[in-house]
Every structure is written in structure tokens, then in C-alpha cells.
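Engineer: Next up, target-v4.cif (mmCIF, N, CA and C atoms).
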data_entry
loop_
_atom_site.label_atom_id
_atom_site.label_comp_id
_atom_site.auth_asym_id
_atom_site.auth_seq_id
_atom_site.Cartn_x
_atom_site.Cartn_y
_atom_site.Cartn_z
N MET K 280 0.35 22.84 59.08
CA MET K 280 -0.88 22.74 59.84
C MET K 280 -2.11 22.72 58.93
N ALA K 281 -2.05 23.47 57.83
CA ALA K 281 -3.22 23.54 56.95
C ALA K 281 -3.56 22.19 56.34
N LEU K 282 -2.56 21.39 56.04
CA LEU K 282 -2.82 20.08 55.46
C LEU K 282 -3.57 19.18 56.43
N ILE K 283 -3.27 19.33 57.70
CA ILE K 283 -3.92 18.52 58.73
C ILE K 283 -5.39 18.91 58.86
N GLY K 284 -5.72 20.18 58.59
CA GLY K 284 -7.08 20.67 58.73
C GLY K 284 -8.09 19.89 57.92
N PHE K 285 -7.71 19.43 56.75
CA PHE K 285 -8.64 18.65 55.93
C PHE K 285 -8.81 17.25 56.50
N GLU K 286 -7.71 16.59 56.79
CA GLU K 286 -7.77 15.19 57.24
C GLU K 286 -8.52 15.04 58.55
N ARG K 287 -8.31 15.93 59.48
CA ARG K 287 -8.95 15.81 60.79
C ARG K 287 -10.36 16.37 60.84
N GLY K 288 -10.74 17.13 59.83
CA GLY K 288 -12.06 17.74 59.86
C GLY K 288 -12.95 17.28 58.73
N ILE K 289 -12.79 17.88 57.58
CA ILE K 289 -13.68 17.66 56.45
C ILE K 289 -13.64 16.24 55.93
N ALA K 290 -12.50 15.60 55.91
CA ALA K 290 -12.36 14.28 55.28
C ALA K 290 -13.32 13.25 55.85
N ARG K 291 -13.70 13.39 57.08
CA ARG K 291 -14.58 12.40 57.71
C ARG K 291 -15.98 12.38 57.12
N ALA K 292 -16.43 13.53 56.62
CA ALA K 292 -17.79 13.61 56.08
C ALA K 292 -17.81 14.32 54.73
N TYR K 293 -16.74 14.22 53.96
CA TYR K 293 -16.61 14.95 52.70
C TYR K 293 -17.72 14.63 51.72
N THR K 294 -18.21 15.67 51.07
CA THR K 294 -19.14 15.55 49.96
C THR K 294 -18.77 16.61 48.94
N ASP K 295 -18.91 16.29 47.67
CA ASP K 295 -18.61 17.28 46.63
C ASP K 295 -19.81 18.16 46.30
N ALA K 296 -20.87 18.03 47.06
CA ALA K 296 -22.10 18.79 46.81
C ALA K 296 -21.87 20.30 46.90
N TYR K 297 -20.88 20.73 47.64
CA TYR K 297 -20.64 22.16 47.83
C TYR K 297 -19.76 22.76 46.74
N GLY K 298 -19.34 21.96 45.77
CA GLY K 298 -18.59 22.47 44.63
C GLY K 298 -17.08 22.53 44.82
N LEU K 299 -16.55 21.88 45.85
CA LEU K 299 -15.12 21.94 46.14
C LEU K 299 -14.50 20.55 46.07
N SER K 300 -13.42 20.43 45.32
CA SER K 300 -12.73 19.15 45.19
C SER K 300 -11.82 18.91 46.40
N ILE K 301 -11.44 17.70 46.58
CA ILE K 301 -10.49 17.36 47.65
C ILE K 301 -9.18 18.10 47.44
N THR K 302 -8.73 18.17 46.20
CA THR K 302 -7.49 18.88 45.90
C THR K 302 -7.57 20.33 46.35
N LYS K 303 -8.66 21.01 46.02
CA LYS K 303 -8.81 22.42 46.41
C LYS K 303 -8.90 22.55 47.93
N LEU K 304 -9.61 21.66 48.58
CA LEU K 304 -9.72 21.72 50.04
C LEU K 304 -8.38 21.51 50.72
N ARG K 305 -7.53 20.67 50.14
CA ARG K 305 -6.20 20.44 50.71
C ARG K 305 -5.29 21.64 50.53
N ARG K 306 -5.52 22.43 49.49
CA ARG K 306 -4.60 23.50 49.14
C ARG K 306 -5.04 24.90 49.58
N SER K 307 -6.25 25.05 50.08
CA SER K 307 -6.77 26.40 50.32
C SER K 307 -7.54 26.51 51.63
N ARG K 308 -7.08 27.39 52.49
CA ARG K 308 -7.82 27.68 53.72
C ARG K 308 -9.16 28.33 53.38
N GLU K 309 -9.15 29.20 52.36
CA GLU K 309 -10.40 29.83 51.94
C GLU K 309 -11.43 28.78 51.53
N ALA K 310 -10.99 27.76 50.82
CA ALA K 310 -11.90 26.69 50.39
C ALA K 310 -12.44 25.93 51.60
N ARG K 311 -11.59 25.64 52.57
CA ARG K 311 -12.06 24.93 53.76
C ARG K 311 -13.06 25.76 54.55
N LEU K 312 -12.83 27.05 54.65
CA LEU K 312 -13.77 27.92 55.34
C LEU K 312 -15.11 27.96 54.59
N ALA K 313 -15.06 28.11 53.27
CA ALA K 313 -16.29 28.13 52.47
C ALA K 313 -17.04 26.81 52.61
N TYR K 314 -16.31 25.70 52.65
CA TYR K 314 -16.92 24.37 52.82
C TYR K 314 -17.67 24.31 54.16
N HIS K 315 -17.01 24.75 55.23
CA HIS K 315 -17.64 24.70 56.56
C HIS K 315 -18.88 25.58 56.62
N VAL K 316 -18.82 26.76 56.01
CA VAL K 316 -19.98 27.66 56.02
C VAL K 316 -21.14 27.03 55.24
N ALA K 317 -20.87 26.51 54.05
CA ALA K 317 -21.93 25.88 53.26
C ALA K 317 -22.49 24.65 53.98
N ASP K 318 -21.61 23.86 54.60
CA ASP K 318 -22.05 22.67 55.33
C ASP K 318 -22.94 23.06 56.51
N TYR K 319 -22.53 24.08 57.26
CA TYR K 319 -23.33 24.53 58.40
C TYR K 319 -24.70 25.02 57.93
N ARG K 320 -24.71 25.87 56.91
CA ARG K 320 -25.98 26.40 56.41
C ARG K 320 -26.89 25.27 55.94
N SER K 321 -26.32 24.28 55.29
CA SER K 321 -27.09 23.15 54.82
C SER K 321 -27.69 22.37 55.99
N ARG K 322 -26.89 22.16 57.01
CA ARG K 322 -27.36 21.37 58.16
C ARG K 322 -28.47 22.04 58.95
N VAL K 323 -28.44 23.37 59.04
CA VAL K 323 -29.46 24.07 59.83
C VAL K 323 -30.63 24.54 58.98
N GLY K 324 -30.63 24.15 57.69
CA GLY K 324 -31.76 24.46 56.83
C GLY K 324 -31.74 25.82 56.18
N LEU K 325 -30.59 26.50 56.18
CA LEU K 325 -30.49 27.79 55.52
C LEU K 325 -30.08 27.59 54.06
N PRO K 326 -30.42 28.54 53.20
CA PRO K 326 -30.05 28.39 51.79
C PRO K 326 -28.53 28.52 51.61
N TRP K 327 -28.02 27.83 50.61
CA TRP K 327 -26.60 27.90 50.27
C TRP K 327 -26.46 27.63 48.78
N GLN K 328 -25.31 28.03 48.23
CA GLN K 328 -25.02 27.80 46.82
C GLN K 328 -23.70 27.07 46.69
N PRO K 329 -23.54 26.27 45.63
CA PRO K 329 -22.22 25.66 45.41
C PRO K 329 -21.16 26.76 45.27
N VAL K 330 -19.97 26.48 45.73
CA VAL K 330 -18.89 27.46 45.75
C VAL K 330 -18.14 27.42 44.43
N ASP K 331 -17.74 28.60 43.95
CA ASP K 331 -16.88 28.70 42.76
C ASP K 331 -15.44 28.53 43.21
N ALA K 332 -14.91 27.33 43.07
CA ALA K 332 -13.57 27.01 43.56
C ALA K 332 -12.49 27.87 42.91
N ALA K 333 -12.70 28.29 41.69
CA ALA K 333 -11.70 29.10 40.99
C ALA K 333 -11.53 30.47 41.64
N ALA K 334 -12.53 30.93 42.37
CA ALA K 334 -12.45 32.23 43.02
C ALA K 334 -11.67 32.19 44.34
N LEU K 335 -11.36 31.01 44.83
CA LEU K 335 -10.67 30.87 46.11
C LEU K 335 -9.17 30.66 45.89
N ARG K 336 -8.37 31.42 46.63
CA ARG K 336 -6.91 31.35 46.48
C ARG K 336 -6.34 30.16 47.23
N ASP K 337 -5.27 29.58 46.66
CA ASP K 337 -4.50 28.55 47.34
C ASP K 337 -3.60 29.21 48.37
N ASP K 338 -3.28 28.47 49.42
CA ASP K 338 -2.34 28.98 50.42
C ASP K 338 -0.97 29.14 49.77
N ARG K 339 -0.28 30.22 50.08
CA ARG K 339 1.03 30.47 49.47
C ARG K 339 2.04 29.39 49.82
N GLU K 340 2.08 28.98 51.08
CA GLU K 340 3.08 27.99 51.48
C GLU K 340 2.80 26.60 50.92
N LEU K 341 1.60 26.36 50.43
CA LEU K 341 1.25 25.06 49.88
C LEU K 341 1.34 25.02 48.36
N ALA K 342 1.59 26.15 47.74
CA ALA K 342 1.62 26.20 46.29
C ALA K 342 2.71 25.33 45.70
N ILE K 343 3.73 24.98 46.50
CA ILE K 343 4.83 24.17 45.98
C ILE K 343 4.55 22.68 46.08
N LEU K 344 3.47 22.28 46.75
CA LEU K 344 3.16 20.86 46.90
C LEU K 344 2.67 20.29 45.59
N PRO K 345 2.99 19.05 45.31
CA PRO K 345 2.50 18.43 44.07
C PRO K 345 0.99 18.20 44.16
N VAL K 346 0.34 18.28 43.02
CA VAL K 346 -1.10 18.00 42.96
C VAL K 346 -1.29 16.50 43.12
N ARG K 347 -2.21 16.11 43.99
CA ARG K 347 -2.47 14.70 44.22
C ARG K 347 -3.86 14.37 43.71
N ASP K 348 -4.07 13.13 43.42
CA ASP K 348 -5.34 12.64 42.93
C ASP K 348 -6.44 12.93 43.96
N ASP K 349 -7.62 13.33 43.49
CA ASP K 349 -8.74 13.62 44.39
C ASP K 349 -9.14 12.43 45.24
N GLU K 350 -8.84 11.25 44.80
CA GLU K 350 -9.21 10.06 45.56
C GLU K 350 -8.29 9.84 46.76
N ASP K 351 -7.12 10.45 46.75
CA ASP K 351 -6.14 10.24 47.81
C ASP K 351 -5.93 11.55 48.57
N TRP K 352 -6.56 11.68 49.72
CA TRP K 352 -6.50 12.93 50.46
C TRP K 352 -5.52 12.90 51.63
N ARG K 353 -4.75 11.83 51.77
CA ARG K 353 -3.83 11.75 52.90
C ARG K 353 -2.71 12.78 52.79
N GLN K 354 -2.23 13.18 53.94
CA GLN K 354 -1.17 14.19 54.00
C GLN K 354 0.13 13.64 53.40
N PRO K 355 0.78 14.40 52.51
CA PRO K 355 2.05 13.93 51.94
C PRO K 355 3.16 13.97 52.98
N GLU K 356 4.19 13.25 52.73
CA GLU K 356 5.34 13.24 53.62
C GLU K 356 6.14 14.52 53.42
N LEU K 357 5.95 15.48 54.30
CA LEU K 357 6.62 16.75 54.16
C LEU K 357 8.13 16.63 54.36
N ALA K 358 8.54 15.71 55.19
CA ALA K 358 9.98 15.54 55.44
C ALA K 358 10.71 15.15 54.16
N ALA K 359 10.08 14.33 53.34
CA ALA K 359 10.70 13.91 52.08
C ALA K 359 10.83 15.07 51.10
N MET K 360 10.04 16.10 51.32
CA MET K 360 10.07 17.25 50.44
C MET K 360 11.00 18.35 50.96
N GLY K 361 11.64 18.09 52.09
CA GLY K 361 12.54 19.09 52.66
C GLY K 361 11.85 20.18 53.44
N CYS K 362 10.60 19.96 53.83
CA CYS K 362 9.87 20.98 54.59
C CYS K 362 9.98 20.72 56.08
#
In C-alpha cells, write the structure found in this file.
Structural biologist:
Amino acid sequence: MALIGFERGIARAYTDAYGLSITKLRRSREARLAYHVADYRSRVGLPWQPVDAAALRDDRELAILPVRDDEDWRQPELAAMGC
């Protein structure tokens, strides 16, 4: 489910202005939450800072997924991976 969260939400209006790469957003719920908070604050005119991606943990169940190029954010074929 976490992989779908990026494609159906953030991917439509992704910007790297908040300090988070596509790879990090695909792998971390914490990163997606931080992205949404920074995006909301930016839209309503509140101050925000770029996020330190290294401080955000990857999801445990996604740690086994291969790293994909930042340019390709589509969901991998989980069936081919035995998931």
C-alpha cells in the first residue's frame, strides 16, 4: 500500500523543493508525511524548511525493494519479487 501512496498522491505534483527525492518518497512513509506537511505550509503561506531526508527512516517492509532511478517512480512489479 505504501508504494501506491506516492503514485496516487505526490507524483502528480512532485517537486524537489522540499528536499526529498523520489526514491526517498517511495521508500518512507515518514518522508511522504514530511512532504505533505511542507507542501501544505507552502501553499497556505506558512514558513517551511527543506527536509533532511537522512533523518527519515525507510519503511521496514520496503527495505528489501531495489533502489530505482529517481526519474522512474512507477510501482515495481511486486508479484515478480515474490511479494
Engineer: I would like the residues chosen by the PyMOL selection byres (((chain K and resi 296-311 and name CA) around 6) and name CA) on the shown file; could you give them as an NGL selection string?
Structural biologist: :K and (282 or 294-295 or 312-314 or 329-330 or 332 or 335 or 337-338 or 349)
Engineer: Atom CA of Asp318 of chain K and atom C of Ala292 of chain K, how far apart in Å?
Structural biologist: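 Between atom C of Ala292 of chain K and atom CA of Asp318 of chain K the gap is 9.4 Å.
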Engineer: How many Å separate atom CA of Gly288 of chain K from atom CA of Tyr319 of chain K?
Structural biologist: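 So the two atoms, atom CA of Gly288 of chain K and atom CA of Tyr319 of chain K, lie 13.2 Å apart.
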Engineer: So what do you get for atom CA of His315 of chain K versus atom CA of Trp327 of chain K, distance-wise?
Structural biologist: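 So the answer is 11.4 Å.
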Engineer: Dump N, CA and C atoms of segment 280-323 of chain K from the given block, as a PDB file, in the first residue's frame.
Structural biologist:
ATOM      1  N   MET K 280       0.810  -1.197   0.000  1.00  0.00           N
ATOM      2  CA  MET K 280       0.000   0.000   0.000  1.00  0.00           C
ATOM      3  C   MET K 280       0.858   1.268   0.000  1.00  0.00           C
ATOM      4  N   ALA K 281       1.994   1.221   0.688  1.00  0.00           N
ATOM      5  CA  ALA K 281       2.833   2.416   0.782  1.00  0.00           C
ATOM      6  C   ALA K 281       3.364   2.849  -0.576  1.00  0.00           C
ATOM      7  N   LEU K 282       3.667   1.900  -1.439  1.00  0.00           N
ATOM      8  CA  LEU K 282       4.168   2.250  -2.763  1.00  0.00           C
ATOM      9  C   LEU K 282       3.127   2.998  -3.573  1.00  0.00           C
ATOM     10  N   ILE K 283       1.881   2.640  -3.381  1.00  0.00           N
ATOM     11  CA  ILE K 283       0.789   3.284  -4.108  1.00  0.00           C
ATOM     12  C   ILE K 283       0.618   4.725  -3.643  1.00  0.00           C
ATOM     13  N   GLY K 284       0.933   5.001  -2.373  1.00  0.00           N
ATOM     14  CA  GLY K 284       0.767   6.332  -1.814  1.00  0.00           C
ATOM     15  C   GLY K 284       1.497   7.417  -2.580  1.00  0.00           C
ATOM     16  N   PHE K 285       2.651   7.104  -3.110  1.00  0.00           N
ATOM     17  CA  PHE K 285       3.396   8.103  -3.879  1.00  0.00           C
ATOM     18  C   PHE K 285       2.754   8.312  -5.238  1.00  0.00           C
ATOM     19  N   GLU K 286       2.475   7.238  -5.940  1.00  0.00           N
ATOM     20  CA  GLU K 286       1.960   7.346  -7.314  1.00  0.00           C
ATOM     21  C   GLU K 286       0.616   8.048  -7.370  1.00  0.00           C
ATOM     22  N   ARG K 287      -0.258   7.753  -6.446  1.00  0.00           N
ATOM     23  CA  ARG K 287      -1.605   8.342  -6.470  1.00  0.00           C
ATOM     24  C   ARG K 287      -1.678   9.723  -5.846  1.00  0.00           C
ATOM     25  N   GLY K 288      -0.647  10.108  -5.109  1.00  0.00           N
ATOM     26  CA  GLY K 288      -0.701  11.394  -4.438  1.00  0.00           C
ATOM     27  C   GLY K 288       0.363  12.355  -4.899  1.00  0.00           C
ATOM     28  N   ILE K 289       1.547  12.210  -4.361  1.00  0.00           N
ATOM     29  CA  ILE K 289       2.629  13.163  -4.592  1.00  0.00           C
ATOM     30  C   ILE K 289       3.087  13.211  -6.036  1.00  0.00           C
ATOM     31  N   ALA K 290       3.118  12.108  -6.727  1.00  0.00           N
ATOM     32  CA  ALA K 290       3.686  12.051  -8.081  1.00  0.00           C
ATOM     33  C   ALA K 290       3.034  13.039  -9.040  1.00  0.00           C
ATOM     34  N   ARG K 291       1.800  13.357  -8.822  1.00  0.00           N
ATOM     35  CA  ARG K 291       1.080  14.252  -9.735  1.00  0.00           C
ATOM     36  C   ARG K 291       1.617  15.679  -9.713  1.00  0.00           C
ATOM     37  N   ALA K 292       2.158  16.090  -8.570  1.00  0.00           N
ATOM     38  CA  ALA K 292       2.646  17.465  -8.452  1.00  0.00           C
ATOM     39  C   ALA K 292       4.022  17.509  -7.798  1.00  0.00           C
ATOM     40  N   TYR K 293       4.831  16.479  -7.989  1.00  0.00           N
ATOM     41  CA  TYR K 293       6.131  16.367  -7.323  1.00  0.00           C
ATOM     42  C   TYR K 293       7.045  17.537  -7.633  1.00  0.00           C
ATOM     43  N   THR K 294       7.721  18.003  -6.598  1.00  0.00           N
ATOM     44  CA  THR K 294       8.793  18.985  -6.726  1.00  0.00           C
ATOM     45  C   THR K 294       9.876  18.608  -5.730  1.00  0.00           C
ATOM     46  N   ASP K 295      11.124  18.817  -6.099  1.00  0.00           N
ATOM     47  CA  ASP K 295      12.213  18.508  -5.178  1.00  0.00           C
ATOM     48  C   ASP K 295      12.538  19.686  -4.254  1.00  0.00           C
ATOM     49  N   ALA K 296      11.736  20.714  -4.295  1.00  0.00           N
ATOM     50  CA  ALA K 296      11.975  21.914  -3.487  1.00  0.00           C
ATOM     51  C   ALA K 296      11.956  21.615  -1.986  1.00  0.00           C
ATOM     52  N   TYR K 297      11.283  20.572  -1.577  1.00  0.00           N
ATOM     53  CA  TYR K 297      11.168  20.259  -0.152  1.00  0.00           C
ATOM     54  C   TYR K 297      12.325  19.398   0.346  1.00  0.00           C
ATOM     55  N   GLY K 298      13.273  19.053  -0.518  1.00  0.00           N
ATOM     56  CA  GLY K 298      14.458  18.328  -0.094  1.00  0.00           C
ATOM     57  C   GLY K 298      14.332  16.817  -0.095  1.00  0.00           C
ATOM     58  N   LEU K 299      13.294  16.274  -0.726  1.00  0.00           N
ATOM     59  CA  LEU K 299      13.071  14.824  -0.726  1.00  0.00           C
ATOM     60  C   LEU K 299      13.098  14.282  -2.148  1.00  0.00           C
ATOM     61  N   SER K 300      13.882  13.240  -2.353  1.00  0.00           N
ATOM     62  CA  SER K 300      13.976  12.619  -3.674  1.00  0.00           C
ATOM     63  C   SER K 300      12.799  11.671  -3.896  1.00  0.00           C
ATOM     64  N   ILE K 301      12.569  11.337  -5.121  1.00  0.00           N
ATOM     65  CA  ILE K 301      11.529  10.365  -5.452  1.00  0.00           C
ATOM     66  C   ILE K 301      11.829   9.029  -4.785  1.00  0.00           C
ATOM     67  N   THR K 302      13.085   8.630  -4.798  1.00  0.00           N
ATOM     68  CA  THR K 302      13.461   7.367  -4.166  1.00  0.00           C
ATOM     69  C   THR K 302      13.081   7.364  -2.691  1.00  0.00           C
ATOM     70  N   LYS K 303      13.398   8.432  -1.974  1.00  0.00           N
ATOM     71  CA  LYS K 303      13.076   8.501  -0.549  1.00  0.00           C
ATOM     72  C   LYS K 303      11.562   8.515  -0.337  1.00  0.00           C
ATOM     73  N   LEU K 304      10.842   9.242  -1.167  1.00  0.00           N
ATOM     74  CA  LEU K 304       9.385   9.288  -1.029  1.00  0.00           C
ATOM     75  C   LEU K 304       8.750   7.927  -1.277  1.00  0.00           C
ATOM     76  N   ARG K 305       9.317   7.148  -2.179  1.00  0.00           N
ATOM     77  CA  ARG K 305       8.787   5.809  -2.451  1.00  0.00           C
ATOM     78  C   ARG K 305       9.062   4.851  -1.304  1.00  0.00           C
ATOM     79  N   ARG K 306      10.129   5.079  -0.555  1.00  0.00           N
ATOM     80  CA  ARG K 306      10.569   4.125   0.452  1.00  0.00           C
ATOM     81  C   ARG K 306      10.175   4.486   1.884  1.00  0.00           C
ATOM     82  N   SER K 307       9.638   5.665   2.124  1.00  0.00           N
ATOM     83  CA  SER K 307       9.440   6.106   3.501  1.00  0.00           C
ATOM     84  C   SER K 307       8.107   6.816   3.716  1.00  0.00           C
ATOM     85  N   ARG K 308       7.310   6.278   4.607  1.00  0.00           N
ATOM     86  CA  ARG K 308       6.066   6.952   4.989  1.00  0.00           C
ATOM     87  C   ARG K 308       6.381   8.273   5.693  1.00  0.00           C
ATOM     88  N   GLU K 309       7.442   8.263   6.506  1.00  0.00           N
ATOM     89  CA  GLU K 309       7.849   9.496   7.183  1.00  0.00           C
ATOM     90  C   GLU K 309       8.163  10.589   6.162  1.00  0.00           C
ATOM     91  N   ALA K 310       8.837  10.230   5.091  1.00  0.00           N
ATOM     92  CA  ALA K 310       9.179  11.206   4.053  1.00  0.00           C
ATOM     93  C   ALA K 310       7.921  11.739   3.380  1.00  0.00           C
ATOM     94  N   ARG K 311       6.969  10.855   3.092  1.00  0.00           N
ATOM     95  CA  ARG K 311       5.726  11.315   2.455  1.00  0.00           C
ATOM     96  C   ARG K 311       4.944  12.238   3.373  1.00  0.00           C
ATOM     97  N   LEU K 312       4.911  11.939   4.655  1.00  0.00           N
ATOM     98  CA  LEU K 312       4.226  12.811   5.600  1.00  0.00           C
ATOM     99  C   LEU K 312       4.926  14.176   5.665  1.00  0.00           C
ATOM    100  N   ALA K 313       6.245  14.174   5.759  1.00  0.00           N
ATOM    101  CA  ALA K 313       7.001  15.432   5.797  1.00  0.00           C
ATOM    102  C   ALA K 313       6.763  16.238   4.524  1.00  0.00           C
ATOM    103  N   TYR K 314       6.702  15.560   3.380  1.00  0.00           N
ATOM    104  CA  TYR K 314       6.440  16.231   2.099  1.00  0.00           C
ATOM    105  C   TYR K 314       5.072  16.917   2.136  1.00  0.00           C
ATOM    106  N   HIS K 315       4.053  16.196   2.592  1.00  0.00           N
ATOM    107  CA  HIS K 315       2.704  16.769   2.636  1.00  0.00           C
ATOM    108  C   HIS K 315       2.632  17.965   3.579  1.00  0.00           C
ATOM    109  N   VAL K 316       3.302  17.875   4.725  1.00  0.00           N
ATOM    110  CA  VAL K 316       3.290  18.989   5.679  1.00  0.00           C
ATOM    111  C   VAL K 316       3.986  20.213   5.072  1.00  0.00           C
ATOM    112  N   ALA K 317       5.165  20.015   4.480  1.00  0.00           N
ATOM    113  CA  ALA K 317       5.882  21.138   3.866  1.00  0.00           C
ATOM    114  C   ALA K 317       5.075  21.726   2.708  1.00  0.00           C
ATOM    115  N   ASP K 318       4.461  20.855   1.905  1.00  0.00           N
ATOM    116  CA  ASP K 318       3.658  21.321   0.772  1.00  0.00           C
ATOM    117  C   ASP K 318       2.460  22.139   1.259  1.00  0.00           C
ATOM    118  N   TYR K 319       1.780  21.656   2.290  1.00  0.00           N
ATOM    119  CA  TYR K 319       0.626  22.380   2.828  1.00  0.00           C
ATOM    120  C   TYR K 319       1.063  23.744   3.368  1.00  0.00           C
ATOM    121  N   ARG K 320       2.126  23.763   4.164  1.00  0.00           N
ATOM    122  CA  ARG K 320       2.597  25.019   4.734  1.00  0.00           C
ATOM    123  C   ARG K 320       2.974  26.002   3.627  1.00  0.00           C
ATOM    124  N   SER K 321       3.605  25.504   2.588  1.00  0.00           N
ATOM    125  CA  SER K 321       3.986  26.356   1.469  1.00  0.00           C
ATOM    126  C   SER K 321       2.758  26.942   0.777  1.00  0.00           C
ATOM    127  N   ARG K 322       1.759  26.107   0.573  1.00  0.00           N
ATOM    128  CA  ARG K 322       0.551  26.568  -0.139  1.00  0.00           C
ATOM    129  C   ARG K 322      -0.243  27.607   0.624  1.00  0.00           C
ATOM    130  N   VAL K 323      -0.269  27.505   1.954  1.00  0.00           N
ATOM    131  CA  VAL K 323      -1.064  28.460   2.734  1.00  0.00           C
ATOM    132  C   VAL K 323      -0.241  29.644   3.228  1.00  0.00           C
TER     133      VAL K 323
END
